[in-house]
>>> print(open('structure-v7.pdb').read())   # PDB, C-alpha atoms
MODEL        1
ATOM      1  CA  MET A   1      -4.617  15.615 -20.604
ATOM      2  CA  LYS A   2      -6.430  16.895 -17.521
ATOM      3  CA  SER A   3      -9.975  15.996 -16.577
ATOM      4  CA  SER A   4     -12.587  18.682 -17.191
ATOM      5  CA  ASN A   5     -13.855  18.401 -13.614
ATOM      6  CA  GLU A   6     -10.512  19.102 -11.973
ATOM      7  CA  LYS A   7     -10.547  21.950  -9.424
ATOM      8  CA  ARG A   8      -7.945  24.514  -8.580
ATOM      9  CA  LEU A   9      -6.619  25.226  -5.124
ATOM     10  CA  PRO A  10      -6.893  28.884  -4.138
ATOM     11  CA  GLN A  11      -3.543  30.152  -2.908
ATOM     12  CA  ALA A  12      -1.985  33.526  -2.350
ATOM     13  CA  GLY A  13      -1.065  35.199  -5.589
ATOM     14  CA  GLY A  14      -3.438  33.243  -7.806
ATOM     15  CA  LEU A  15      -4.885  29.844  -8.563
ATOM     16  CA  VAL A  16      -2.503  26.901  -8.419
ATOM     17  CA  GLN A  17      -3.343  23.391  -9.572
ATOM     18  CA  ASN A  18      -2.644  20.541  -7.164
ATOM     19  CA  ASP A  19      -2.996  17.253  -9.013
ATOM     20  CA  PHE A  20      -2.958  15.090  -5.891
ATOM     21  CA  CYS A  21      -5.881  16.921  -4.308
ATOM     22  CA  VAL A  22      -7.833  16.909  -7.561
ATOM     23  CA  ALA A  23      -7.301  13.173  -7.985
ATOM     24  CA  TYR A  24      -8.394  12.541  -4.386
ATOM     25  CA  ASP A  25     -11.520  14.635  -4.896
ATOM     26  CA  THR A  26     -12.349  12.643  -8.032
ATOM     27  CA  ALA A  27     -11.756   9.345  -6.231
ATOM     28  CA  VAL A  28     -14.066  10.324  -3.362
ATOM     29  CA  SER A  29     -16.891  11.688  -5.507
ATOM     30  CA  SER A  30     -16.775   8.648  -7.794
ATOM     31  CA  LEU A  31     -17.107   6.252  -4.823
ATOM     32  CA  ARG A  32     -20.015   8.230  -3.400
ATOM     33  CA  CYS A  33     -21.868   7.934  -6.709
ATOM     34  CA  ILE A  34     -21.957   4.117  -6.608
ATOM     35  CA  PRO A  35     -25.467   2.981  -5.532
ATOM     36  CA  ALA A  36     -24.205  -0.326  -4.109
ATOM     37  CA  LEU A  37     -22.052   1.604  -1.602
ATOM     38  CA  ARG A  38     -24.780   3.761  -0.078
ATOM     39  CA  HIS A  39     -24.480   1.779   3.159
ATOM     40  CA  VAL A  40     -20.799   2.756   3.582
ATOM     41  CA  SER A  41     -20.030   5.808   5.720
ATOM     42  CA  ARG A  42     -18.465   8.874   4.154
ATOM     43  CA  GLU A  43     -15.448   8.433   6.441
ATOM     44  CA  LYS A  44     -14.789   4.910   5.112
ATOM     45  CA  LEU A  45     -15.216   6.044   1.506
ATOM     46  CA  CYS A  46     -12.783   8.922   2.038
ATOM     47  CA  GLU A  47     -10.195   6.629   3.633
ATOM     48  CA  ALA A  48     -10.408   4.185   0.722
ATOM     49  CA  ALA A  49     -10.213   6.989  -1.840
ATOM     50  CA  LEU A  50      -7.130   8.446  -0.158
ATOM     51  CA  ASP A  51      -5.385   5.064  -0.049
ATOM     52  CA  ILE A  52      -6.079   4.537  -3.761
ATOM     53  CA  THR A  53      -4.858   8.052  -4.611
ATOM     54  CA  ILE A  54      -1.691   7.458  -2.576
ATOM     55  CA  VAL A  55      -1.045   4.386  -4.735
ATOM     56  CA  ALA A  56      -1.776   6.266  -7.951
ATOM     57  CA  PHE A  57       0.864   8.887  -7.119
ATOM     58  CA  GLY A  58       3.485   6.279  -6.196
ATOM     59  CA  ILE A  59       3.680   7.174  -2.518
ATOM     60  CA  ARG A  60       3.254   3.474  -1.900
ATOM     61  CA  THR A  61       3.228   0.593  -4.370
ATOM     62  CA  GLY A  62       0.020  -1.110  -3.374
ATOM     63  CA  TYR A  63      -2.983  -1.151  -1.075
ATOM     64  CA  LEU A  64      -4.796  -4.257   0.164
ATOM     65  CA  PHE A  65      -8.440  -3.290  -0.039
ATOM     66  CA  ASP A  66     -10.107  -3.876   3.329
ATOM     67  CA  ALA A  67     -12.096  -0.674   3.805
ATOM     68  CA  PHE A  68     -15.560  -2.200   3.609
ATOM     69  CA  ALA A  69     -17.577  -5.173   2.381
ATOM     70  CA  MET A  70     -20.721  -5.437   0.296
ATOM     71  CA  ARG A  71     -24.024  -5.553   2.166
ATOM     72  CA  ASP A  72     -25.840  -7.121  -0.787
ATOM     73  CA  ARG A  73     -24.249 -10.543  -1.307
ATOM     74  CA  ARG A  74     -25.601 -10.611  -4.851
ATOM     75  CA  VAL A  75     -23.201  -7.798  -5.757
ATOM     76  CA  SER A  76     -19.511  -8.627  -6.201
ATOM     77  CA  LEU A  77     -17.062  -6.264  -4.499
ATOM     78  CA  LYS A  78     -14.548  -7.080  -7.221
ATOM     79  CA  ASP A  79     -16.966  -6.062  -9.985
ATOM     80  CA  VAL A  80     -17.869  -2.840  -8.203
ATOM     81  CA  LEU A  81     -14.222  -1.850  -7.717
ATOM     82  CA  VAL A  82     -13.225  -2.785 -11.285
ATOM     83  CA  GLU A  83     -16.003  -0.572 -12.662
ATOM     84  CA  TYR A  84     -14.972   2.187 -10.257
ATOM     85  CA  LEU A  85     -11.311   2.057 -11.318
ATOM     86  CA  THR A  86     -12.300   1.952 -14.989
ATOM     87  CA  GLY A  87     -14.123   5.240 -14.502
ATOM     88  CA  LEU A  88     -11.214   6.818 -12.640
ATOM     89  CA  ARG A  89      -8.767   5.869 -15.389
ATOM     90  CA  GLU A  90     -11.023   7.528 -17.956
ATOM     91  CA  VAL A  91     -11.297  10.899 -16.201
ATOM     92  CA  ASN A  92      -7.920  11.314 -14.490
ATOM     93  CA  GLN A  93      -4.577  10.345 -16.032
ATOM     94  CA  HIS A  94      -2.917   9.656 -12.683
ATOM     95  CA  PHE A  95      -4.937   6.459 -12.230
ATOM     96  CA  ARG A  96      -3.915   4.933 -15.570
ATOM     97  CA  ASP A  97      -0.987   2.988 -14.095
ATOM     98  CA  VAL A  98      -3.207   1.565 -11.347
ATOM     99  CA  VAL A  99      -4.713  -1.910 -11.627
ATOM    100  CA  ILE A 100      -6.639  -4.203  -9.333
ATOM    101  CA  ALA A 101      -4.607  -7.333  -8.700
ATOM    102  CA  TYR A 102      -6.991 -10.141  -7.745
ATOM    103  CA  GLU A 103      -5.821 -13.282  -5.984
ATOM    104  CA  MET A 104      -8.765 -15.605  -6.470
ATOM    105  CA  HIS A 105      -7.796 -18.339  -3.990
ATOM    106  CA  ALA A 106      -7.485 -15.971  -1.024
ATOM    107  CA  GLU A 107     -10.086 -13.586  -2.521
ATOM    108  CA  GLN A 108      -7.807 -10.614  -1.955
ATOM    109  CA  LEU A 109      -7.980  -7.377  -3.926
ATOM    110  CA  PHE A 110      -4.991  -5.047  -4.238
ATOM    111  CA  PHE A 111      -4.864  -1.633  -5.876
ATOM    112  CA  VAL A 112      -1.367  -1.602  -7.381
ATOM    113  CA  ASN A 113       0.751   1.003  -9.135
ATOM    114  CA  VAL A 114       2.302  -1.252 -11.778
ATOM    115  CA  GLN A 115       5.108   1.141 -12.621
ATOM    116  CA  LYS A 116       6.202   1.119  -8.975
ATOM    117  CA  LEU A 117       5.705  -2.639  -8.810
ATOM    118  CA  GLY A 118       8.158  -3.057 -11.681
ATOM    119  CA  ASN A 119      10.878  -1.677  -9.411
ATOM    120  CA  HIS A 120      10.432  -4.698  -7.143
ATOM    121  CA  VAL A 121      11.427  -7.105  -9.900
ATOM    122  CA  SER A 122      15.096  -6.316  -9.373
ATOM    123  CA  THR A 123      15.249  -4.901  -5.847
ATOM    124  CA  ASP A 124      13.376  -7.724  -4.118
ATOM    125  CA  GLU A 125      15.884 -10.208  -5.493
ATOM    126  CA  ARG A 126      18.653  -8.487  -3.526
ATOM    127  CA  PRO A 127      18.917  -9.492   0.156
ATOM    128  CA  LEU A 128      18.829  -6.787   2.789
ATOM    129  CA  SER A 129      22.241  -5.238   3.198
ATOM    130  CA  THR A 130      23.533  -5.112   6.751
ATOM    131  CA  THR A 131      26.042  -2.421   5.901
ATOM    132  CA  GLY A 132      24.728  -0.977   2.638
ATOM    133  CA  THR A 133      24.016   2.608   1.685
ATOM    134  CA  ASP A 134      20.795   4.378   2.639
ATOM    135  CA  ALA A 135      19.449   3.852  -0.880
ATOM    136  CA  GLN A 136      20.202   0.129  -0.776
ATOM    137  CA  ARG A 137      18.508  -0.285   2.590
ATOM    138  CA  ARG A 138      15.427   1.623   1.475
ATOM    139  CA  THR A 139      14.848  -0.680  -1.507
ATOM    140  CA  SER A 140      15.406  -3.965   0.321
ATOM    141  CA  VAL A 141      13.053  -6.367   2.044
ATOM    142  CA  THR A 142      13.857  -8.730   4.902
ATOM    143  CA  TYR A 143      11.856 -11.987   4.735
ATOM    144  CA  ILE A 144      11.153 -13.683   8.068
ATOM    145  CA  LEU A 145       9.941 -17.273   8.299
ATOM    146  CA  LEU A 146       7.335 -17.811  11.019
ATOM    147  CA  ARG A 147       6.576 -21.068  12.810
ATOM    148  CA  GLY A 148       4.324 -20.134  15.691
ATOM    149  CA  SER A 149       6.353 -17.909  18.002
ATOM    150  CA  ARG A 150       9.622 -18.827  16.320
ATOM    151  CA  ALA A 151      11.043 -16.479  13.694
ATOM    152  CA  GLN A 152      14.148 -16.581  11.526
ATOM    153  CA  ILE A 153      15.460 -14.787   8.461
ATOM    154  CA  THR A 154      14.786 -16.620   5.212
ATOM    155  CA  GLU A 155      15.009 -16.156   1.465
ATOM    156  CA  ALA A 156      12.139 -14.641  -0.508
ATOM    157  CA  PRO A 157       9.679 -17.372  -1.561
ATOM    158  CA  PRO A 158      10.176 -18.027  -5.308
ATOM    159  CA  GLY A 159       6.500 -17.450  -5.897
ATOM    160  CA  VAL A 160       6.749 -13.792  -4.859
ATOM    161  CA  GLN A 161       8.824 -12.870  -7.882
ATOM    162  CA  SER A 162       6.566 -15.004 -10.094
ATOM    163  CA  LEU A 163       3.496 -13.054  -8.953
ATOM    164  CA  ILE A 164       5.247  -9.706  -9.444
ATOM    165  CA  HIS A 165       6.514 -10.662 -12.912
ATOM    166  CA  LYS A 166       3.024 -11.864 -13.886
ATOM    167  CA  ALA A 167       1.364  -8.646 -12.748
ATOM    168  CA  VAL A 168       3.839  -6.426 -14.621
ATOM    169  CA  SER A 169       3.737  -8.619 -17.742
ATOM    170  CA  ASP A 170      -0.061  -8.763 -17.834
ATOM    171  CA  PHE A 171      -0.258  -4.992 -17.475
ATOM    172  CA  ASN A 172       2.234  -4.387 -20.280
ATOM    173  CA  ASN A 173       0.409  -6.842 -22.532
ATOM    174  CA  GLY A 174      -3.042  -5.421 -21.886
ATOM    175  CA  ARG A 175      -2.914  -1.880 -20.572
ATOM    176  CA  ALA A 176      -6.617  -1.315 -21.218
ATOM    177  CA  SER A 177      -7.637  -3.866 -18.589
ATOM    178  CA  PRO A 178      -8.095  -2.529 -15.051
ATOM    179  CA  VAL A 179      -7.777  -5.973 -13.424
ATOM    180  CA  ILE A 180      -5.091  -8.645 -13.274
ATOM    181  CA  ASN A 181      -5.940 -12.161 -12.115
ATOM    182  CA  LEU A 182      -2.769 -13.226 -10.341
ATOM    183  CA  ALA A 183      -3.461 -16.959 -10.252
ATOM    184  CA  ALA A 184      -5.740 -17.425 -13.245
ATOM    185  CA  GLU A 185      -3.522 -20.013 -14.936
ATOM    186  CA  GLU A 186      -1.383 -21.201 -12.022
ATOM    187  CA  PRO A 187      -1.852 -23.550  -9.069
ATOM    188  CA  ALA A 188      -2.805 -21.925  -5.790
ATOM    189  CA  GLN A 189       0.117 -20.252  -4.045
ATOM    190  CA  ASP A 190       0.849 -21.295  -0.467
ATOM    191  CA  ILE A 191       0.031 -18.946   2.381
ATOM    192  CA  GLY A 192       3.674 -18.017   2.931
ATOM    193  CA  THR A 193       4.032 -16.773  -0.633
ATOM    194  CA  LEU A 194       0.764 -14.811  -0.545
ATOM    195  CA  VAL A 195       1.564 -13.081   2.754
ATOM    196  CA  ALA A 196       5.090 -12.241   1.603
ATOM    197  CA  PHE A 197       3.791 -10.944  -1.738
ATOM    198  CA  ALA A 198       1.297  -8.707   0.044
ATOM    199  CA  ALA A 199       3.989  -7.310   2.336
ATOM    200  CA  SER A 200       6.285  -6.648  -0.618
ATOM    201  CA  ILE A 201       3.783  -4.630  -2.627
ATOM    202  CA  LEU A 202       2.620  -2.792   0.493
ATOM    203  CA  ASP A 203       6.208  -1.502   0.804
ATOM    204  CA  PHE A 204       6.899  -3.167   4.150
ATOM    205  CA  PRO A 205      10.660  -3.410   4.813
ATOM    206  CA  VAL A 206       9.831  -6.644   6.657
ATOM    207  CA  ALA A 207       7.806  -9.446   5.054
ATOM    208  CA  TYR A 208       6.571 -12.364   7.110
ATOM    209  CA  VAL A 209       6.530 -15.822   5.528
ATOM    210  CA  PRO A 210       4.247 -18.041   7.636
ATOM    211  CA  ALA A 211       4.871 -21.792   7.457
ATOM    212  CA  CYS A 212       2.120 -23.750   5.768
ATOM    213  CA  CYS A 213       1.303 -25.874   8.790
ATOM    214  CA  GLY A 214       1.630 -25.948  12.551
ATOM    215  CA  ASP A 215       0.940 -23.311  15.210
ATOM    216  CA  THR A 216      -0.811 -20.234  13.798
ATOM    217  CA  ALA A 217      -0.445 -18.093  16.934
ATOM    218  CA  TYR A 218       2.287 -16.212  15.105
ATOM    219  CA  LEU A 219       4.799 -14.324  17.282
ATOM    220  CA  ALA A 220       2.684 -14.778  20.417
ATOM    221  CA  GLY A 221       4.464 -13.187  23.370
ATOM    222  CA  VAL A 222       7.397 -12.038  21.226
ATOM    223  CA  PRO A 223       8.598  -8.402  21.701
ATOM    224  CA  LEU A 224       7.990  -6.507  18.463
ATOM    225  CA  ASP A 225       9.179  -3.221  17.039
ATOM    226  CA  VAL A 226       6.032  -1.658  15.577
ATOM    227  CA  TYR A 227       6.242   1.134  13.005
ATOM    228  CA  GLU A 228       3.436   3.397  11.831
ATOM    229  CA  CYS A 229       3.971   5.955   9.071
ATOM    230  CA  VAL A 230       1.345   8.684   9.333
ATOM    231  CA  LEU A 231       0.613  11.307   6.682
ATOM    232  CA  VAL A 232      -0.038  14.633   8.421
ATOM    233  CA  ILE A 233      -1.599  17.351   6.264
ATOM    234  CA  ASP A 234      -0.387  20.905   6.888
ATOM    235  CA  ASP A 235      -2.686  22.828   9.250
ATOM    236  CA  ASP A 236      -3.048  25.770   6.909
ATOM    237  CA  ALA A 237      -3.259  23.748   3.696
ATOM    238  CA  ASP A 238      -6.092  24.604   1.337
ATOM    239  CA  ALA A 239      -6.154  20.867   0.658
ATOM    240  CA  MET A 240      -7.936  20.264   3.966
ATOM    241  CA  ARG A 241     -10.416  23.109   3.603
ATOM    242  CA  SER A 242     -11.209  22.795  -0.098
ATOM    243  CA  TYR A 243     -10.979  19.059  -0.635
ATOM    244  CA  GLY A 244     -11.690  17.547   2.755
ATOM    245  CA  LEU A 245      -8.390  15.700   3.127
ATOM    246  CA  PRO A 246      -8.192  14.192   6.627
ATOM    247  CA  ARG A 247      -5.755  15.759   9.060
ATOM    248  CA  GLN A 248      -3.939  12.426   9.546
ATOM    249  CA  HIS A 249      -3.888   9.130   7.695
ATOM    250  CA  THR A 250      -1.852   5.965   8.287
ATOM    251  CA  VAL A 251       0.078   5.079   5.135
ATOM    252  CA  ILE A 252       2.108   2.066   6.319
ATOM    253  CA  LYS A 253       2.071  -0.019   9.513
ATOM    254  CA  PHE A 254       4.168  -3.120  10.122
ATOM    255  CA  SER A 255       6.203  -4.931  12.757
ATOM    256  CA  CYS A 256       9.488  -6.778  13.204
ATOM    257  CA  PRO A 257      10.618  -9.149  15.980
ATOM    258  CA  GLN A 258      13.109  -7.297  18.144
ATOM    259  CA  HIS A 259      15.564 -10.176  18.386
ATOM    260  CA  ILE A 260      15.915 -10.116  14.589
ATOM    261  CA  ALA A 261      15.928  -6.333  14.267
ATOM    262  CA  ARG A 262      18.884  -6.074  16.623
ATOM    263  CA  THR A 263      21.030  -8.248  14.333
ATOM    264  CA  ILE A 264      20.617  -6.203  11.119
ATOM    265  CA  THR A 265      21.813  -2.626  10.865
ATOM    266  CA  GLY A 266      19.044  -1.705   8.435
ATOM    267  CA  LEU A 267      16.408  -2.770  10.970
ATOM    268  CA  PHE A 268      17.755  -0.868  13.982
ATOM    269  CA  PRO A 269      14.867   1.398  15.064
ATOM    270  CA  GLU A 270      16.807   4.649  14.624
ATOM    271  CA  THR A 271      17.987   3.533  11.174
ATOM    272  CA  LEU A 272      14.602   2.299   9.996
ATOM    273  CA  VAL A 273      12.758   5.394  11.239
ATOM    274  CA  HIS A 274      15.249   7.570   9.350
ATOM    275  CA  ASP A 275      15.023   5.528   6.151
ATOM    276  CA  LEU A 276      11.212   5.444   6.184
ATOM    277  CA  ARG A 277      11.014   9.181   6.780
ATOM    278  CA  ILE A 278      13.379   9.968   3.912
ATOM    279  CA  ARG A 279      11.726   7.526   1.517
ATOM    280  CA  LEU A 280       8.220   8.857   2.118
ATOM    281  CA  ARG A 281       9.337  12.492   2.319
ATOM    282  CA  ASP A 282      10.800  12.238  -1.172
ATOM    283  CA  ARG A 283       7.653  10.594  -2.527
ATOM    284  CA  LEU A 284       5.394  13.214  -0.975
ATOM    285  CA  HIS A 285       7.552  15.953  -2.480
ATOM    286  CA  THR A 286       7.317  14.369  -5.930
ATOM    287  CA  ALA A 287       3.533  14.101  -5.606
ATOM    288  CA  SER A 288       3.233  17.689  -4.252
ATOM    289  CA  VAL A 289       1.262  16.506  -1.229
ATOM    290  CA  PRO A 290       0.769  19.406   1.245
ATOM    291  CA  GLY A 291       2.003  17.596   4.321
ATOM    292  CA  LYS A 292       4.662  15.440   5.920
ATOM    293  CA  VAL A 293       5.116  11.896   7.211
ATOM    294  CA  VAL A 294       5.599  11.185  10.899
ATOM    295  CA  VAL A 295       7.151   7.785  11.631
ATOM    296  CA  LYS A 296       6.116   6.369  15.007
ATOM    297  CA  HIS A 297       8.033   3.540  16.688
ATOM    298  CA  SER A 298       6.812   1.539  19.654
ATOM    299  CA  MET A 299       7.342  -1.839  21.296
ATOM    300  CA  GLU A 300       4.446  -4.276  21.648
ATOM    301  CA  ILE A 301       3.851  -7.824  22.833
ATOM    302  CA  LEU A 302       0.726  -9.449  21.366
ATOM    303  CA  ASP A 303      -1.194 -12.682  21.829
ATOM    304  CA  ARG A 304      -0.689 -13.237  18.111
ATOM    305  CA  VAL A 305       0.163 -11.202  15.003
ATOM    306  CA  ALA A 306      -2.522 -10.997  12.325
ATOM    307  CA  LEU A 307      -1.089 -11.652   8.866
TER     308      LEU A 307
ENDMDL
END
>>> encode(input="structure-v7.pdb", output="structure tokens")
Amino acid sequence: MKSSNEKRLPQAGGLVQNDFCVAYDTAVSSLRCIPALRHVSREKLCEAALDITIVAFGIRTGYLFDAFAMRDRRVSLKDVLVEYLTGLREVNQHFRDVVIAYEMHAEQLFFVNVQKLGNHVSTDERPLSTTGTDAQRRTSVTYILLRGSRAQITEAPPGVQSLIHKAVSDFNNGRASPVINLAAEEPAQDIGTLVAFAASILDFPVAYVPACCGDTAYLAGVPLDVYECVLVIDDDADAMRSYGLPRQHTVIKFSCPQHIARTITGLFPETLVHDLRIRLRDRLHTASVPGKVVVKHSMEILDRVAL
């Protein structure tokens, strides 16, 4: 059932509905109506709304909310976002599979497409194939243990699957709730599990697992392959003119130590760029987004990698 405030995109030969653009427009206007967010710039609100809409349409599984903070410390960002998502789910059906996953110990908020997250239950248990098919590579995650500047391939922390199972189970058992408390009845997860969980639901092919103690200058001075997947809206798209979609928007950005990438076929730059482009191209097509994804690859050496 479509929302009564949904617009139509004018196109040659008549009026054609574009659900993605309508959902984005709803997400932006709903954020701008929240009094507690009057201090946030329109640009920041639009970026957050686009990231949330991208999750709703399954272009990526999750989004770690870091767009802005509350100016009034008496107002909880979590409460504001839960109320916001509740409203979105009521007026636009595409947001009904989206929940806010809250990790109380790290105070992190994720917007998550639970249907997409369910796909990770089986695929994340399979190690990255060094010689597998394109489809196998595109649904695999490489976990890398970090101890300061040292990095080595490792298994997925057991807690990652526990967090994913909990999120999917809680959603299925209480679909009306817009929020899932990931650690409400469990002991605090270690930092390695939380960072790896975040990387998994953000659709990174590479998930870092930082050790719980020791040097925190992670990957300092280590050559990195850096990948940035950028959504580029078509120049002549009515989506830009009628709905204010930005010309470009970063969807995914991650890195991988070069000495590890050169040992796994699926992480060779030419292979990974191809796989990312195909994966996101197919998702954009399914969501009828009027644009394309450009995958940028570069090499960087940093003082430390922020996790």
>>> residues_around(input="structure-v7.pdb", residues="A:Ser255", least_positions_apart="6", cutoff="10 Å", atoms="only C-alpha atoms", output="ChimeraX atom specification")
/A:204-208,223-228,261,297-300,305
>>> closest_residue(input="structure-v7.pdb", among="A:Ser30, A:Gln161, A:Thr216, A:Thr154", to="A:Glu83", atoms="all atoms listed in the file")
A:Ser30
>>> atom_distance(input="structure-v7.pdb", atom1="atom CA of A:Asp303", atom2="atom CA of A:Cys229")
23.2 Å
>>> resolve_selection(input="structure-v7.pdb", expression="the PyMOL selection byres ((chain A and resi 108) around 10)", output="PyMOL selection string")
chain A and resi 64-66+78+100-107+109-110+194+198
>>> closest_residue(input="structure-v7.pdb", among="A:Phe171, A:Tyr243, A:Tyr63, A:Phe111", to="A:Thr26", atoms="only C-alpha atoms")
A:Tyr243
>>> residues_around(input="structure-v7.pdb", residues="stretch 54-60 of chain A", least_positions_apart="2", cutoff="6 Å", atoms="all atoms listed in the file", output="ChimeraX atom specification")
/A:51-52,62,94-95,98,113,283
>>> residues_around(input="structure-v7.pdb", residues="A:His249", least_positions_apart="2", cutoff="10 Å", atoms="all atoms listed in the file", output="JSON, numbers by chain")
{"A": [47, 50, 51, 229, 230, 231, 232, 233, 245, 246, 247, 251, 252, 293]}
>>> resolve_selection(input="structure-v7.pdb", expression="the PyMOL selection byres ((chain A and resi 193) around 12)", output="count of residues only")
34
>>> residues_near_point(input="structure-v7.pdb", point="(5.8, -14.3, 19.1)", cutoff="7 Å", atoms="all atoms listed in the file", output="mmCIF file with C-alpha atoms, in the coordinates of the input")
data_model
loop_
_atom_site.group_PDB
_atom_site.id
_atom_site.type_symbol
_atom_site.label_atom_id
_atom_site.label_comp_id
_atom_site.auth_asym_id
_atom_site.auth_seq_id
_atom_site.Cartn_x
_atom_site.Cartn_y
_atom_site.Cartn_z
ATOM 1 C CA GLY A 148 4.324 -20.134 15.691
ATOM 2 C CA SER A 149 6.353 -17.909 18.002
ATOM 3 C CA ARG A 150 9.622 -18.827 16.320
ATOM 4 C CA TYR A 218 2.287 -16.212 15.105
ATOM 5 C CA LEU A 219 4.799 -14.324 17.282
ATOM 6 C CA ALA A 220 2.684 -14.778 20.417
ATOM 7 C CA GLY A 221 4.464 -13.187 23.370
ATOM 8 C CA VAL A 222 7.397 -12.038 21.226
ATOM 9 C CA ARG A 304 -0.689 -13.237 18.111
#
>>> residues_around(input="structure-v7.pdb", residues="A:Arg38", least_positions_apart="4", cutoff="12 Å", atoms="only C-alpha atoms", output="VMD selection string")
chain A and resid 31 to 34 42 44 to 45 68 to 72
>>> atom_distance(input="structure-v7.pdb", atom1="atom CA of A:Lys253", atom2="atom CA of A:Ala49")
18.1 Å
>>> closest_residue(input="structure-v7.pdb", among="A:Ala27, A:Ala287, A:Cys46, A:Ala36", to="A:Val80", atoms="all atoms listed in the file")
A:Ala36
>>> atom_distance(input="structure-v7.pdb", atom1="atom CA of A:Val295", atom2="atom CA of A:Val273")
6.1 Å
